[in-house]
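Undergrad: Here it is: the structure, laid out below.
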Amino acid sequence: MHSPSLQRTVAEIPLGLFDSLPRNDQRSKAGEYVAGLLGARGRKTLRNVAEQLGGQGARKQSVHHFISESSWEWEPVRRALALRTDELLGCRALVVRPTVVPKAGGYSVGVAEYFAPQLGRTVTGQQSFGAWLAAPAAAVPVNWQLVLSADWIEDLSRRQRAHIPETSRALSPEENAGDVALRATRALTTALPVVLDAPGLDPLPLGRRFGPAGVPLVQRVEPSLRLRVDPLALPGHGELPLTAGRLVGALRRLWRPRGPLASGARSLSMAVPVMLPGVRGAAGRRLLVAQWPVSDLSAARLWLADVWMRPADVLRLARLTEVVDRDDRLVAAQVGLRDFAGRSFQGWHRHITLASVAHLAHVRAALGTAAARRGDLAPLLLGAG
């Protein structure tokens, strides 16, 4: 028998997200697994989740089979999750970012050497790209793509051991980011812009994917990215490309204060139309937008956006990355987004899908509590299940 607290947790989970699962027992197990993620202490491994569900022996085997060996598909659950999240939060954008989870040994699927920006060094681990639906109040991950290196794709024994599908292939970072974002946008009823918080990716191939798809793109870039000022915007400025960082520093006349009064501004911003070097015509045109503290230009965050976008809108969208940073920091450990210790490709995807559902349940409960205190939004939150 489940404890009363666990039964209440199961009742709070929006079980409609699991309507795509073909059997009643699978839908029930999905809800129980999410409840186990929310209730288990410490790392949310399959063992700990099974223990939270009160299981020994057969129960643990059942949980392992449901995640690692069952036949249910995770993509329909993610589409339902995206729709429910958008309905709940009124999302403004889809924020895409990479995550590296350090792993000991080389048996977990996808493990290779990656640079982890949050750690500032190269680590051995799993890298994935997550797509987060974001609003000013909260953000929820709704789609994931596990990065697979050529070593994993070309080694037949490793592929078979991890049950990697025959259709999988080694993709560039730009391809991984584009795939996870565009699959997520197709699940929504309203088109949303994508904010790509992954400095170092090549803007040209990304523009070639997002432009034809009709999806606005705001992409964070490194100060070292070479650009040139669009001569149609600033005639006579010069044809030689400069780094984005040098462009921002050189065009002081375009700096603008951010704040109610110039004297009280805490930050400065700048926007200028630019061209990607070596690319002719509309395909190479972008808007470079930067913002930095008044006292520290070296701390500027730089963004490339579609040239028709307004700078203020670009900065508002860019600030949603801070919401994702916060919710990833505060909620990810509580729902086990980085805790899967299994070795199979399918197991990783099913676990992280249900951990994302647990993330929505956590955010929904937090917003519901805050709204109840204020006396607003409670009907929406309580009716979302």
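By order of appearance in the structure tokens: chains A, B, ..., then residues from 1 within every chain, and ligands from 1 in the order shown.
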Give me the residues near range 182-188 of chain A as a list in words, where near means some atom within 10 Å (using only C-alpha atoms) and where sequence neighbours in that chain fewer than 5 positions away do not count.

TA: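 So the residues in contact are Glu75, Pro76, Arg78, Arg79, Ala80, Leu81, Ala82, Leu83, Arg84, Thr85, Asp86, Glu87, Ala93, Leu94, Gly130, Ala131, Trp132, Leu133, Pro141, Val142, Asn143, Trp144, Ala177, Pro193, Val194, Arg209, Phe210, Ala213 and Val215 of chain A.
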
Undergrad: Put those residues in a file: N, CA, C and O atoms, as a short mmCIF file (atom, residue, chain, number, x, y, z; two decimals), in the first residue's frame.

TA:
data_model
loop_
_atom_site.label_atom_id
_atom_site.label_comp_id
_atom_site.auth_asym_id
_atom_site.auth_seq_id
_atom_site.Cartn_x
_atom_site.Cartn_y
_atom_site.Cartn_z
N GLU A 75 8.16 10.71 -26.94
CA GLU A 75 7.89 11.93 -27.70
C GLU A 75 6.45 12.43 -27.52
O GLU A 75 6.23 13.64 -27.32
N PRO A 76 5.41 11.57 -27.57
CA PRO A 76 4.05 12.08 -27.33
C PRO A 76 3.87 12.67 -25.93
O PRO A 76 3.13 13.64 -25.76
N ARG A 78 6.20 14.22 -24.25
CA ARG A 78 6.84 15.54 -24.29
C ARG A 78 5.96 16.56 -25.01
O ARG A 78 5.92 17.74 -24.61
N ARG A 79 5.28 16.15 -26.06
CA ARG A 79 4.39 17.10 -26.75
C ARG A 79 3.26 17.54 -25.83
O ARG A 79 2.91 18.72 -25.78
N ALA A 80 2.68 16.58 -25.10
CA ALA A 80 1.62 16.94 -24.15
C ALA A 80 2.16 17.83 -23.04
O ALA A 80 1.49 18.76 -22.59
N LEU A 81 3.38 17.55 -22.60
CA LEU A 81 4.02 18.37 -21.56
C LEU A 81 4.21 19.81 -22.05
O LEU A 81 3.96 20.76 -21.30
N ALA A 82 4.62 19.97 -23.29
CA ALA A 82 4.82 21.32 -23.84
C ALA A 82 3.51 22.08 -23.89
O ALA A 82 3.44 23.27 -23.51
N LEU A 83 2.46 21.43 -24.35
CA LEU A 83 1.16 22.11 -24.42
C LEU A 83 0.67 22.50 -23.04
O LEU A 83 0.18 23.63 -22.83
N ARG A 84 0.78 21.60 -22.06
CA ARG A 84 0.31 21.90 -20.71
C ARG A 84 1.13 23.03 -20.08
O ARG A 84 0.58 23.91 -19.41
N THR A 85 2.44 23.00 -20.29
CA THR A 85 3.29 24.05 -19.73
C THR A 85 2.95 25.40 -20.32
O THR A 85 2.85 26.41 -19.61
N ASP A 86 2.74 25.45 -21.63
CA ASP A 86 2.40 26.71 -22.28
C ASP A 86 1.06 27.24 -21.79
O ASP A 86 0.89 28.44 -21.54
N GLU A 87 0.10 26.34 -21.61
CA GLU A 87 -1.21 26.75 -21.09
C GLU A 87 -1.08 27.32 -19.67
O GLU A 87 -1.72 28.31 -19.32
N ALA A 93 8.97 32.25 -24.74
CA ALA A 93 10.02 31.75 -25.64
C ALA A 93 10.39 30.33 -25.25
O ALA A 93 10.02 29.83 -24.18
N LEU A 94 11.14 29.70 -26.13
CA LEU A 94 11.74 28.40 -25.87
C LEU A 94 13.24 28.63 -25.73
O LEU A 94 13.89 29.10 -26.67
N GLY A 130 18.78 20.74 -23.84
CA GLY A 130 17.42 20.81 -23.33
C GLY A 130 16.70 22.02 -23.88
O GLY A 130 17.29 23.09 -24.06
N ALA A 131 15.40 21.86 -24.16
CA ALA A 131 14.54 22.96 -24.61
C ALA A 131 13.56 23.26 -23.49
O ALA A 131 12.76 22.40 -23.10
N TRP A 132 13.63 24.48 -22.97
CA TRP A 132 12.83 24.91 -21.83
C TRP A 132 11.81 25.94 -22.27
O TRP A 132 12.18 26.98 -22.86
N LEU A 133 10.54 25.70 -22.00
CA LEU A 133 9.53 26.73 -22.19
C LEU A 133 9.63 27.70 -21.02
O LEU A 133 9.61 27.29 -19.85
N PRO A 141 11.51 22.32 -18.59
CA PRO A 141 12.07 21.63 -19.75
C PRO A 141 11.02 20.73 -20.40
O PRO A 141 10.32 19.99 -19.70
N VAL A 142 10.92 20.79 -21.73
CA VAL A 142 9.88 20.03 -22.42
C VAL A 142 10.44 19.13 -23.52
O VAL A 142 9.70 18.33 -24.08
N ASN A 143 11.72 19.25 -23.83
CA ASN A 143 12.30 18.36 -24.83
C ASN A 143 13.79 18.23 -24.59
O ASN A 143 14.42 19.15 -24.05
N TRP A 144 14.34 17.08 -24.98
CA TRP A 144 15.75 16.79 -24.74
C TRP A 144 16.36 16.06 -25.92
O TRP A 144 15.68 15.30 -26.61
N ALA A 177 21.20 21.34 -31.36
CA ALA A 177 20.41 22.47 -30.85
C ALA A 177 19.20 22.72 -31.74
O ALA A 177 18.09 22.96 -31.25
N PRO A 193 9.44 32.37 -30.25
CA PRO A 193 10.85 32.50 -30.62
C PRO A 193 11.71 31.53 -29.81
O PRO A 193 11.32 31.09 -28.72
N VAL A 194 12.87 31.22 -30.35
CA VAL A 194 13.85 30.37 -29.67
C VAL A 194 15.01 31.24 -29.22
O VAL A 194 15.54 32.04 -29.98
N ARG A 209 18.47 26.88 -40.78
CA ARG A 209 17.42 25.97 -40.30
C ARG A 209 16.23 26.73 -39.76
O ARG A 209 15.08 26.40 -40.06
N PHE A 210 16.48 27.75 -38.95
CA PHE A 210 15.37 28.44 -38.29
C PHE A 210 14.65 29.39 -39.24
O PHE A 210 13.43 29.55 -39.13
N ALA A 213 12.04 27.67 -41.36
CA ALA A 213 10.99 27.15 -40.49
C ALA A 213 10.09 28.26 -39.95
O ALA A 213 9.07 27.97 -39.32
N VAL A 215 10.84 30.38 -37.56
CA VAL A 215 10.99 30.48 -36.11
C VAL A 215 12.01 31.56 -35.80
O VAL A 215 13.19 31.43 -36.16
#

Undergrad: Where in range 31-182 of chain A does DSSP assign alpha helix (DSSP H), given as a ChimeraX atom specification?

TA: /A:31-39,46-52,58-64,75-89,150-154,156-162,173-182

Undergrad: Put those residues in a file: C-alpha atoms, as a short mmCIF file (atom, residue, chain, number, x, y, z; two decimals), in the first residue's frame.

TA:
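Final file, out28.cif:
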data_model
loop_
_atom_site.label_atom_id
_atom_site.label_comp_id
_atom_site.auth_asym_id
_atom_site.auth_seq_id
_atom_site.Cartn_x
_atom_site.Cartn_y
_atom_site.Cartn_z
CA GLY A 31 2.27 8.74 -12.47
CA GLU A 32 3.81 6.68 -9.69
CA TYR A 33 7.31 7.17 -11.09
CA VAL A 34 6.85 10.95 -11.17
CA ALA A 35 5.56 10.81 -7.58
CA GLY A 36 8.62 8.76 -6.65
CA LEU A 37 10.90 11.37 -8.19
CA LEU A 38 9.18 14.10 -6.19
CA GLY A 39 9.27 12.14 -2.95
CA LEU A 46 15.83 3.87 -10.15
CA ARG A 47 16.58 2.13 -6.83
CA ASN A 48 15.65 5.17 -4.74
CA VAL A 49 12.49 5.81 -6.73
CA ALA A 50 11.44 2.18 -6.32
CA GLU A 51 12.07 2.37 -2.56
CA GLN A 52 9.99 5.54 -2.36
CA ALA A 58 9.67 -7.40 -7.84
CA ARG A 59 8.76 -3.72 -7.42
CA LYS A 60 12.35 -2.63 -8.15
CA GLN A 61 12.43 -4.90 -11.18
CA SER A 62 9.13 -3.46 -12.37
CA VAL A 63 10.41 0.12 -12.10
CA HIS A 64 13.61 -0.79 -13.96
CA GLU A 75 7.89 11.93 -27.70
CA PRO A 76 4.05 12.08 -27.33
CA VAL A 77 4.46 12.65 -23.57
CA ARG A 78 6.84 15.54 -24.29
CA ARG A 79 4.39 17.10 -26.75
CA ALA A 80 1.62 16.94 -24.15
CA LEU A 81 4.02 18.37 -21.56
CA ALA A 82 4.82 21.32 -23.84
CA LEU A 83 1.16 22.11 -24.42
CA ARG A 84 0.31 21.90 -20.71
CA THR A 85 3.29 24.05 -19.73
CA ASP A 86 2.40 26.71 -22.28
CA GLU A 87 -1.21 26.75 -21.09
CA LEU A 88 -0.12 27.10 -17.46
CA LEU A 89 2.61 29.71 -17.80
CA ALA A 150 31.13 9.36 -33.40
CA ASP A 151 32.72 6.82 -31.03
CA TRP A 152 29.27 5.78 -29.83
CA ILE A 153 27.76 5.70 -33.31
CA GLU A 154 30.56 3.81 -35.06
CA LEU A 156 28.70 -1.53 -33.02
CA SER A 157 29.17 -3.25 -29.66
CA ARG A 158 28.63 0.02 -27.73
CA ARG A 159 25.54 0.80 -29.81
CA GLN A 160 24.05 -2.61 -29.14
CA ARG A 161 24.88 -2.54 -25.45
CA ALA A 162 23.18 0.86 -25.03
CA PRO A 173 26.25 21.03 -31.81
CA GLU A 174 24.31 23.21 -34.25
CA GLU A 175 22.33 20.18 -35.47
CA ASN A 176 21.59 19.00 -31.93
CA ALA A 177 20.41 22.47 -30.85
CA GLY A 178 18.28 22.90 -33.97
CA ASP A 179 16.68 19.46 -33.68
CA VAL A 180 15.66 19.78 -30.02
CA ALA A 181 14.28 23.29 -30.56
CA LEU A 182 12.30 22.69 -33.74
#

Undergrad: Excluding Pro102 in chain A and residues on its chain fewer than 3 positions from it, collect all residues at most 7 Å away from it, counting only C-alpha atoms, and give them as a PDB file with all heavy atoms, in the first residue's frame.

TA:
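Dumped everything to part.pdb:
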ATOM      1  N   VAL A 123      35.234  17.803 -18.936  1.00  0.00           N
ATOM      2  CA  VAL A 123      34.932  16.691 -18.043  1.00  0.00           C
ATOM      3  C   VAL A 123      34.481  15.487 -18.865  1.00  0.00           C
ATOM      4  O   VAL A 123      34.087  15.616 -20.032  1.00  0.00           O
ATOM      5  CB  VAL A 123      33.818  17.057 -17.030  1.00  0.00           C
ATOM      6  CG1 VAL A 123      34.230  18.234 -16.172  1.00  0.00           C
ATOM      7  CG2 VAL A 123      32.511  17.355 -17.754  1.00  0.00           C
ATOM      8  N   THR A 124      34.571  14.320 -18.260  1.00  0.00           N
ATOM      9  CA  THR A 124      33.996  13.112 -18.843  1.00  0.00           C
ATOM     10  C   THR A 124      32.558  12.997 -18.357  1.00  0.00           C
ATOM     11  O   THR A 124      32.305  13.000 -17.147  1.00  0.00           O
ATOM     12  CB  THR A 124      34.800  11.873 -18.425  1.00  0.00           C
ATOM     13  OG1 THR A 124      36.142  12.000 -18.905  1.00  0.00           O
ATOM     14  CG2 THR A 124      34.174  10.610 -19.004  1.00  0.00           C
ATOM     15  N   GLY A 125      31.629  12.924 -19.281  1.00  0.00           N
ATOM     16  CA  GLY A 125      30.231  12.873 -18.876  1.00  0.00           C
ATOM     17  C   GLY A 125      29.284  12.799 -20.049  1.00  0.00           C
ATOM     18  O   GLY A 125      29.693  12.583 -21.198  1.00  0.00           O
ATOM     19  N   GLN A 126      27.999  12.960 -19.763  1.00  0.00           N
ATOM     20  CA  GLN A 126      26.950  13.003 -20.778  1.00  0.00           C
ATOM     21  C   GLN A 126      26.618  14.454 -21.086  1.00  0.00           C
ATOM     22  O   GLN A 126      26.476  15.275 -20.173  1.00  0.00           O
ATOM     23  CB  GLN A 126      25.691  12.304 -20.278  1.00  0.00           C
ATOM     24  CG  GLN A 126      25.792  10.800 -20.154  1.00  0.00           C
ATOM     25  CD  GLN A 126      24.561  10.216 -19.475  1.00  0.00           C
ATOM     26  OE1 GLN A 126      24.019  10.806 -18.559  1.00  0.00           O
ATOM     27  NE2 GLN A 126      24.139   9.038 -19.918  1.00  0.00           N
TER      28      GLN A 126
END

Undergrad: Write out, as a tab-separated table, each residue of range 29-143 of chain A that has an atom at most 8 Å from range 309-323 of chain A, together with the closest pair of atoms and their distance in Å to one decimal, counting only C-alpha atoms, rows going by chain and rising number.

TA:
residue	atom	partner	partner_atom	distance
A:Arg92	CA	A:Leu317	CA	7.5
A:Ala93	CA	A:Leu317	CA	6.9
A:Val95	CA	A:Thr321	CA	6.6
A:Ala134	CA	A:Leu320	CA	6.3
A:Ala135	CA	A:Leu320	CA	6.8
A:Pro136	CA	A:Leu320	CA	6.6
A:Ala137	CA	A:Val323	CA	7.6
A:Ala138	CA	A:Val323	CA	6.2
A:Ala139	CA	A:Val323	CA	6.4

Undergrad: From a DSSP pass on the backbone, collect the residues of range 77-128 of chain A flagged as strand (DSSP E) and hand them back as an MDAnalysis selection string.

TA: chainID A and resid 93:102 112:116 121:128

Undergrad: Those selected residues, please, written with N, CA, C and O atoms and delivered as a PDB file, in the first residue's frame.

TA:
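Saved file out_13.pdb follows:
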ATOM      1  N   ALA A  93       8.968  32.253 -24.744  1.00  0.00           N
ATOM      2  CA  ALA A  93      10.017  31.749 -25.636  1.00  0.00           C
ATOM      3  C   ALA A  93      10.394  30.335 -25.246  1.00  0.00           C
ATOM      4  O   ALA A  93      10.024  29.834 -24.178  1.00  0.00           O
ATOM      5  N   LEU A  94      11.140  29.705 -26.131  1.00  0.00           N
ATOM      6  CA  LEU A  94      11.738  28.399 -25.874  1.00  0.00           C
ATOM      7  C   LEU A  94      13.237  28.631 -25.728  1.00  0.00           C
ATOM      8  O   LEU A  94      13.892  29.099 -26.667  1.00  0.00           O
ATOM      9  N   VAL A  95      13.774  28.360 -24.557  1.00  0.00           N
ATOM     10  CA  VAL A  95      15.200  28.565 -24.282  1.00  0.00           C
ATOM     11  C   VAL A  95      15.916  27.224 -24.441  1.00  0.00           C
ATOM     12  O   VAL A  95      15.548  26.238 -23.794  1.00  0.00           O
ATOM     13  N   VAL A  96      16.931  27.201 -25.289  1.00  0.00           N
ATOM     14  CA  VAL A  96      17.690  25.977 -25.552  1.00  0.00           C
ATOM     15  C   VAL A  96      19.099  26.154 -25.015  1.00  0.00           C
ATOM     16  O   VAL A  96      19.746  27.180 -25.259  1.00  0.00           O
ATOM     17  N   ARG A  97      19.577  25.152 -24.277  1.00  0.00           N
ATOM     18  CA  ARG A  97      20.914  25.237 -23.694  1.00  0.00           C
ATOM     19  C   ARG A  97      21.494  23.850 -23.496  1.00  0.00           C
ATOM     20  O   ARG A  97      20.750  22.870 -23.295  1.00  0.00           O
ATOM     21  N   PRO A  98      22.817  23.728 -23.548  1.00  0.00           N
ATOM     22  CA  PRO A  98      23.456  22.435 -23.305  1.00  0.00           C
ATOM     23  C   PRO A  98      23.702  22.207 -21.820  1.00  0.00           C
ATOM     24  O   PRO A  98      23.858  23.146 -21.049  1.00  0.00           O
ATOM     25  N   THR A  99      23.755  20.935 -21.433  1.00  0.00           N
ATOM     26  CA  THR A  99      24.070  20.541 -20.064  1.00  0.00           C
ATOM     27  C   THR A  99      25.051  19.378 -20.112  1.00  0.00           C
ATOM     28  O   THR A  99      24.870  18.445 -20.904  1.00  0.00           O
ATOM     29  N   VAL A 100      26.079  19.436 -19.296  1.00  0.00           N
ATOM     30  CA  VAL A 100      27.025  18.335 -19.167  1.00  0.00           C
ATOM     31  C   VAL A 100      26.914  17.771 -17.756  1.00  0.00           C
ATOM     32  O   VAL A 100      27.007  18.511 -16.776  1.00  0.00           O
ATOM     33  N   VAL A 101      26.685  16.467 -17.660  1.00  0.00           N
ATOM     34  CA  VAL A 101      26.604  15.776 -16.368  1.00  0.00           C
ATOM     35  C   VAL A 101      27.827  14.876 -16.228  1.00  0.00           C
ATOM     36  O   VAL A 101      27.972  13.901 -16.972  1.00  0.00           O
ATOM     37  N   PRO A 102      28.756  15.193 -15.305  1.00  0.00           N
ATOM     38  CA  PRO A 102      29.944  14.346 -15.128  1.00  0.00           C
ATOM     39  C   PRO A 102      29.553  12.909 -14.790  1.00  0.00           C
ATOM     40  O   PRO A 102      28.635  12.668 -14.014  1.00  0.00           O
ATOM     41  N   ALA A 112      31.373  10.898 -22.997  1.00  0.00           N
ATOM     42  CA  ALA A 112      32.567  11.299 -23.741  1.00  0.00           C
ATOM     43  C   ALA A 112      33.156  12.504 -23.034  1.00  0.00           C
ATOM     44  O   ALA A 112      32.686  12.899 -21.959  1.00  0.00           O
ATOM     45  N   GLU A 113      34.192  13.100 -23.605  1.00  0.00           N
ATOM     46  CA  GLU A 113      34.778  14.306 -23.024  1.00  0.00           C
ATOM     47  C   GLU A 113      34.105  15.535 -23.617  1.00  0.00           C
ATOM     48  O   GLU A 113      34.023  15.688 -24.839  1.00  0.00           O
ATOM     49  N   TYR A 114      33.610  16.412 -22.737  1.00  0.00           N
ATOM     50  CA  TYR A 114      32.940  17.640 -23.154  1.00  0.00           C
ATOM     51  C   TYR A 114      33.416  18.786 -22.278  1.00  0.00           C
ATOM     52  O   TYR A 114      33.756  18.587 -21.111  1.00  0.00           O
ATOM     53  N   PHE A 115      33.382  19.986 -22.855  1.00  0.00           N
ATOM     54  CA  PHE A 115      33.660  21.171 -22.047  1.00  0.00           C
ATOM     55  C   PHE A 115      32.388  21.570 -21.328  1.00  0.00           C
ATOM     56  O   PHE A 115      31.327  21.716 -21.954  1.00  0.00           O
ATOM     57  N   ALA A 116      32.461  21.728 -20.007  1.00  0.00           N
ATOM     58  CA  ALA A 116      31.305  22.112 -19.198  1.00  0.00           C
ATOM     59  C   ALA A 116      31.439  23.578 -18.812  1.00  0.00           C
ATOM     60  O   ALA A 116      32.253  23.919 -17.941  1.00  0.00           O
ATOM     61  N   ARG A 121      35.711  23.762 -17.292  1.00  0.00           N
ATOM     62  CA  ARG A 121      36.739  22.792 -17.655  1.00  0.00           C
ATOM     63  C   ARG A 121      36.133  21.642 -18.451  1.00  0.00           C
ATOM     64  O   ARG A 121      34.906  21.501 -18.526  1.00  0.00           O
ATOM     65  N   THR A 122      37.003  20.836 -19.029  1.00  0.00           N
ATOM     66  CA  THR A 122      36.565  19.652 -19.765  1.00  0.00           C
ATOM     67  C   THR A 122      36.362  18.497 -18.790  1.00  0.00           C
ATOM     68  O   THR A 122      37.207  18.262 -17.922  1.00  0.00           O
ATOM     69  N   VAL A 123      35.234  17.803 -18.936  1.00  0.00           N
ATOM     70  CA  VAL A 123      34.932  16.691 -18.043  1.00  0.00           C
ATOM     71  C   VAL A 123      34.481  15.487 -18.865  1.00  0.00           C
ATOM     72  O   VAL A 123      34.087  15.616 -20.032  1.00  0.00           O
ATOM     73  N   THR A 124      34.571  14.320 -18.260  1.00  0.00           N
ATOM     74  CA  THR A 124      33.996  13.112 -18.843  1.00  0.00           C
ATOM     75  C   THR A 124      32.558  12.997 -18.357  1.00  0.00           C
ATOM     76  O   THR A 124      32.305  13.000 -17.147  1.00  0.00           O
ATOM     77  N   GLY A 125      31.629  12.924 -19.281  1.00  0.00           N
ATOM     78  CA  GLY A 125      30.231  12.873 -18.876  1.00  0.00           C
ATOM     79  C   GLY A 125      29.284  12.799 -20.049  1.00  0.00           C
ATOM     80  O   GLY A 125      29.693  12.583 -21.198  1.00  0.00           O
ATOM     81  N   GLN A 126      27.999  12.960 -19.763  1.00  0.00           N
ATOM     82  CA  GLN A 126      26.950  13.003 -20.778  1.00  0.00           C
ATOM     83  C   GLN A 126      26.618  14.454 -21.086  1.00  0.00           C
ATOM     84  O   GLN A 126      26.476  15.275 -20.173  1.00  0.00           O
ATOM     85  N   GLN A 127      26.467  14.756 -22.365  1.00  0.00           N
ATOM     86  CA  GLN A 127      26.008  16.084 -22.761  1.00  0.00           C
ATOM     87  C   GLN A 127      24.653  15.954 -23.438  1.00  0.00           C
ATOM     88  O   GLN A 127      24.415  15.036 -24.222  1.00  0.00           O
ATOM     89  N   SER A 128      23.768  16.870 -23.113  1.00  0.00           N
ATOM     90  CA  SER A 128      22.459  16.912 -23.752  1.00  0.00           C
ATOM     91  C   SER A 128      22.103  18.359 -24.023  1.00  0.00           C
ATOM     92  O   SER A 128      22.664  19.284 -23.441  1.00  0.00           O
TER      93      SER A 128
END

Undergrad: Counting only C-alpha atoms, what is within 10 Å of Glu239 in chain A, bar same-chain residues fewer than 3 positions away, as a ChimeraX atom specification?

TA: /A:227-231,235-236,242,275,277

Undergrad: Give me, please, the distance in Å between CA of Trp74 in chain A and CA of Ala104 in chain A, quoted to one decimal.

TA: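 Taking CA of Trp74 in chain A and CA of Ala104 in chain A, their separation equals 26.6 Å.
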
Undergrad: Please report, as a Markdown table, each residue of range 162-203 of chain A lying at most 9 Å from range 340-359 of chain A, together with the nearest pair of atoms and the separation in Å rounded to one decimal; use only C-alpha atoms, and order rows by chain and ascending residue number.

TA:
| residue | atom | partner | partner_atom | distance |
| --- | --- | --- | --- | --- |
| A:Ala162 | CA | A:Ser344 | CA | 4.3 |
| A:His163 | CA | A:Ser344 | CA | 5.9 |
| A:Ile164 | CA | A:Phe345 | CA | 5.6 |
| A:Pro165 | CA | A:Phe345 | CA | 8.2 |

Undergrad: Restricting the output to all heavy atoms, write the selected residues as a CSV table (one decimal), in the first residue's frame.

TA:
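Okay, out.csv is ready:
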chain,number,residue,atom,x,y,z
A,162,ALA,N,24.0,-0.3,-25.5
A,162,ALA,CA,23.2,0.9,-25.0
A,162,ALA,C,21.8,1.0,-25.7
A,162,ALA,O,21.1,1.9,-25.5
A,162,ALA,CB,23.9,2.2,-25.2
A,163,HIS,N,21.6,0.0,-26.7
A,163,HIS,CA,20.3,0.0,-27.4
A,163,HIS,C,20.1,1.3,-28.2
A,163,HIS,O,19.0,1.9,-28.2
A,163,HIS,CB,19.1,-0.3,-26.5
A,163,HIS,CG,19.3,-1.6,-25.7
A,163,HIS,ND1,19.1,-2.8,-26.3
A,163,HIS,CD2,19.5,-1.8,-24.4
A,163,HIS,CE1,19.3,-3.8,-25.4
A,163,HIS,NE2,19.6,-3.2,-24.3
A,164,ILE,N,21.1,1.8,-28.8
A,164,ILE,CA,21.0,3.1,-29.6
A,164,ILE,C,20.3,2.7,-30.9
A,164,ILE,O,20.8,1.8,-31.6
A,164,ILE,CB,22.4,3.7,-29.8
A,164,ILE,CG1,23.0,4.1,-28.5
A,164,ILE,CG2,22.3,4.9,-30.8
A,164,ILE,CD1,24.5,4.6,-28.6
A,165,PRO,N,19.3,3.5,-31.3
A,165,PRO,CA,18.6,3.2,-32.5
A,165,PRO,C,19.5,3.3,-33.7
A,165,PRO,O,20.4,4.0,-33.8
A,165,PRO,CB,17.5,4.2,-32.6
A,165,PRO,CG,17.3,4.7,-31.1
A,165,PRO,CD,18.7,4.6,-30.5

Undergrad: Got a sec: who's within 12 Å of Val279 in chain A, counting only C-alpha atoms, leaving out chain neighbours fewer than 2 positions off, as a count of residues only?

TA: 19

Undergrad: For a quick check of understanding, using only C-alpha atoms, which of A:Gln219, A:Gln145, A:Ser172, A:Ser70 has the smallest distance to Leu304 in chain A?

TA: A:Gln219

Undergrad: List as a PyMOL selection string the protein and nucleic acid residues near Trp72 in chain A, meaning an atom at most 10 Å away when only C-alpha atoms are counted, but skip any in the same chain fewer than 6 places from it.

TA: chain A and resi 20-23+26-27+66+346+350

Undergrad: Restricting it to N, CA and C atoms, dump the selection as a CSV table (one decimal), in the first residue's frame.

TA:
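In the end it all went to selection31.csv:
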chain,number,residue,atom,x,y,z
A,20,SER,N,-1.1,9.2,-24.1
A,20,SER,CA,-0.6,8.5,-25.2
A,20,SER,C,-0.1,7.1,-24.9
A,21,LEU,N,0.2,6.8,-23.6
A,21,LEU,CA,0.6,5.4,-23.2
A,21,LEU,C,-0.5,4.5,-23.5
A,22,PRO,N,-0.3,3.4,-24.1
A,22,PRO,CA,-1.3,2.5,-24.6
A,22,PRO,C,-2.1,1.7,-23.6
A,23,ARG,N,-1.5,1.5,-22.4
A,23,ARG,CA,-2.2,0.6,-21.4
A,23,ARG,C,-2.4,1.4,-20.1
A,26,GLN,N,0.5,1.2,-17.7
A,26,GLN,CA,1.6,2.1,-18.0
A,26,GLN,C,1.4,3.5,-17.5
A,27,ARG,N,0.1,3.9,-17.7
A,27,ARG,CA,-0.2,5.3,-17.3
A,27,ARG,C,-0.1,5.4,-15.8
A,66,PHE,N,10.1,-0.7,-16.6
A,66,PHE,CA,9.2,0.4,-17.1
A,66,PHE,C,10.0,1.5,-17.7
A,346,GLN,N,17.2,4.4,-24.3
A,346,GLN,CA,15.7,4.5,-24.1
A,346,GLN,C,15.5,4.9,-22.6
A,350,ARG,N,13.4,8.1,-21.2
A,350,ARG,CA,12.2,7.9,-20.5
A,350,ARG,C,12.3,8.6,-19.1
